[in-house]
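> Have a look at the structure that comes next, please.
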Amino acid sequence: MAIKLSVDDAARPAPRRAPRLRPGAWPGLAAAVWGPLFAVPSFAWAMGTTFGARTTVAPSLVKLADDRVAWFVAVLWVTGLLKVVGALIGIGLTRRRGRWIGRLMVFCGGGAAVLLVWHGCLFVAHGVLVEAGIHSVAPDLAGLTRWYLCLWGPWFIVGGLAFAAATTRYARRLDARGEVRRYGAVGALGALLLSLASMITGVG
């Protein structure tokens, strides 16, 4: 049996396939999931619910949240929003973007990777020193230190590694000359300097 095609059928364009994510996109997706999950506590504490914070966060910070100190509540909202922005950066690194958008994604991804890994390692190192008896803390803070050692530190490090892998894969796939990679390096260096300045001055 013959099948006849009409002129409209011949002229009709073939359906476009939805763009598929490359294997290198999965670190970006992991970062995109990490961000909102980490934002939930910030938003919850900003709205006055400190459930889960009393045993896992420094008492001084819990008191600020309980007392609804305006500047601290504002900080909680801002940090929550920044974590959501981090999720958008993770999504942005999953596939090719425009020239300037791509550079911005790599710059922010490099900065996020260094900030998160740096702070996570600080939490873990402090916890190890306390557990080893090299550094002492008040007895009522010993349990809190373990939370920073076993939960917050590793959680920061996992997020940082996800951003690092997503940023590296994005730059390697789309930048043969290394131009985009330099934006990631600048972002990472800026984040490191910011962290060092924060540690030295005690601000942040």
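For the structure tokens, the naming scheme is as follows: chains receive sequential letters (A, B, ...) according to their order of presentation, residues are indexed from 1 within each chain, and ligands are indexed from 1 in presentation order.
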Show which residues sit within 12 Å of Gly102 of chain A, as a PyMOL selection string. Count only C-alpha atoms, and ignore same-chain residues fewer than 3 positions away.
chain A and resi 89-99+105-109+167+170-171+173-175+179-181+183-184
> Can you write just those residues out, C-alpha atoms, as an mmCIF file, in the first residue's frame?

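Output contents, as saved in again_24.cif:
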data_model
loop_
_atom_site.group_PDB
_atom_site.id
_atom_site.type_symbol
_atom_site.label_atom_id
_atom_site.label_comp_id
_atom_site.auth_asym_id
_atom_site.auth_seq_id
_atom_site.Cartn_x
_atom_site.Cartn_y
_atom_site.Cartn_z
ATOM 1 C CA ILE A 89 24.460 29.347 39.228
ATOM 2 C CA GLY A 90 24.533 25.560 39.425
ATOM 3 C CA ILE A 91 21.788 25.368 36.813
ATOM 4 C CA GLY A 92 23.628 27.933 34.694
ATOM 5 C CA LEU A 93 26.675 25.670 34.590
ATOM 6 C CA THR A 94 24.779 22.675 33.244
ATOM 7 C CA ARG A 95 24.894 23.717 29.586
ATOM 8 C CA ARG A 96 26.408 26.278 27.250
ATOM 9 C CA ARG A 97 25.402 29.893 27.813
ATOM 10 C CA GLY A 98 26.142 33.146 26.029
ATOM 11 C CA ARG A 99 29.660 34.541 26.166
ATOM 12 C CA MET A 105 28.708 31.682 35.802
ATOM 13 C CA VAL A 106 32.321 30.510 35.880
ATOM 14 C CA PHE A 107 33.405 33.521 37.962
ATOM 15 C CA CYS A 108 30.645 32.945 40.526
ATOM 16 C CA GLY A 109 31.113 29.173 40.484
ATOM 17 C CA THR A 167 32.746 25.094 37.012
ATOM 18 C CA TYR A 170 31.933 23.877 32.039
ATOM 19 C CA ALA A 171 35.216 25.678 31.354
ATOM 20 C CA ARG A 173 34.207 21.739 27.538
ATOM 21 C CA LEU A 174 33.700 25.204 26.123
ATOM 22 C CA ASP A 175 37.011 26.991 26.440
ATOM 23 C CA GLU A 179 39.963 32.441 28.602
ATOM 24 C CA VAL A 180 36.886 31.410 30.567
ATOM 25 C CA ARG A 181 39.009 29.493 33.071
ATOM 26 C CA TYR A 183 37.399 34.123 35.156
ATOM 27 C CA GLY A 184 36.979 31.120 37.427
#
> Can you list, as a VMD selection string, every protein, DNA or RNA residue that comes within 9 Å of Val158 of chain A when you count only C-alpha atoms, leaving out same-chain residues fewer than 4 positions away?
chain A and resid 31 34 116 to 117 120 153 to 154 162 to 163
> Sorted by chain and rising residue number, list the residues of segment 141-202 of chain A at most 12 Å from segment 48-63 of chain A (counting only C-alpha atoms), each with its closest atom pair and distance in Å to one decimal, as a Markdown table.

| residue | atom | partner | partner_atom | distance |
| --- | --- | --- | --- | --- |
| A:Leu141 | CA | A:Ala58 | CA | 8.0 |
| A:Ala142 | CA | A:Thr55 | CA | 10.7 |
| A:Gly143 | CA | A:Thr55 | CA | 7.8 |
| A:Leu144 | CA | A:Thr56 | CA | 5.6 |
| A:Thr145 | CA | A:Thr56 | CA | 8.4 |
| A:Arg146 | CA | A:Thr56 | CA | 8.7 |
| A:Trp147 | CA | A:Thr56 | CA | 5.6 |
| A:Tyr148 | CA | A:Thr56 | CA | 7.4 |
| A:Leu149 | CA | A:Thr56 | CA | 10.5 |
| A:Cys150 | CA | A:Thr56 | CA | 10.4 |
| A:Leu151 | CA | A:Thr56 | CA | 8.6 |
| A:Trp152 | CA | A:Thr56 | CA | 8.5 |
| A:Gly153 | CA | A:Thr56 | CA | 11.6 |
> Which residues in segment 18-77 of chain A does DSSP call helix (DSSP H, G or I)? List them as a ChimeraX atom specification.
/A:23-46,59-66,70-77
> What is the distance, in Å and to one decimal place, between atom CA of Leu64 of chain A and atom CA of Ala138 of chain A?
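Interatomic distance here is 19.9 Å.
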> Counting only C-alpha atoms, which residues of segment 124-159 of chain A sit at most 10 Å from some atom of segment 35-40 of chain A, and what is each one's closest atom pair with its distance in Å to one decimal, listed by chain and rising residue number, as CSV?

residue,atom,partner,partner_atom,distance
A:Trp155,CA,A:Phe38,CA,8.8
A:Phe156,CA,A:Phe38,CA,9.3
A:Gly159,CA,A:Gly35,CA,7.9
> Would you mind exporting N, CA, C and O atoms of the selected residues as a short mmCIF file (atom, residue, chain, number, x, y, z; two decimals), in the first residue's frame?

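File again.cif, as written:
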data_model
loop_
_atom_site.label_atom_id
_atom_site.label_comp_id
_atom_site.auth_asym_id
_atom_site.auth_seq_id
_atom_site.Cartn_x
_atom_site.Cartn_y
_atom_site.Cartn_z
N TRP A 155 29.07 19.41 55.04
CA TRP A 155 28.02 19.93 54.15
C TRP A 155 28.56 21.09 53.30
O TRP A 155 28.30 21.16 52.10
N PHE A 156 29.34 21.98 53.92
CA PHE A 156 29.97 23.07 53.16
C PHE A 156 30.92 22.50 52.12
O PHE A 156 30.95 22.97 50.97
N GLY A 159 29.12 20.96 49.08
CA GLY A 159 28.62 22.01 48.19
C GLY A 159 29.74 22.65 47.40
O GLY A 159 29.62 22.89 46.19
#
> What separation in Å, quoted to one decimal, exists between atom CA of Arg68 of chain A and atom CA of Ile200 of chain A?
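Interatomic distance here is 28.3 Å.
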> Which one is closest to His119 of chain A: A:Thr168, A:Ser195, A:Thr79, A:Ser136? Count only C-alpha atoms.
A:Ser195
> Could you jot down the atom CA of Leu82 of chain A to atom CA of Trp45 of chain A separation for me, Å, one decimal place?
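Separation of atom CA of Leu82 of chain A and atom CA of Trp45 of chain A: 15.2 Å.
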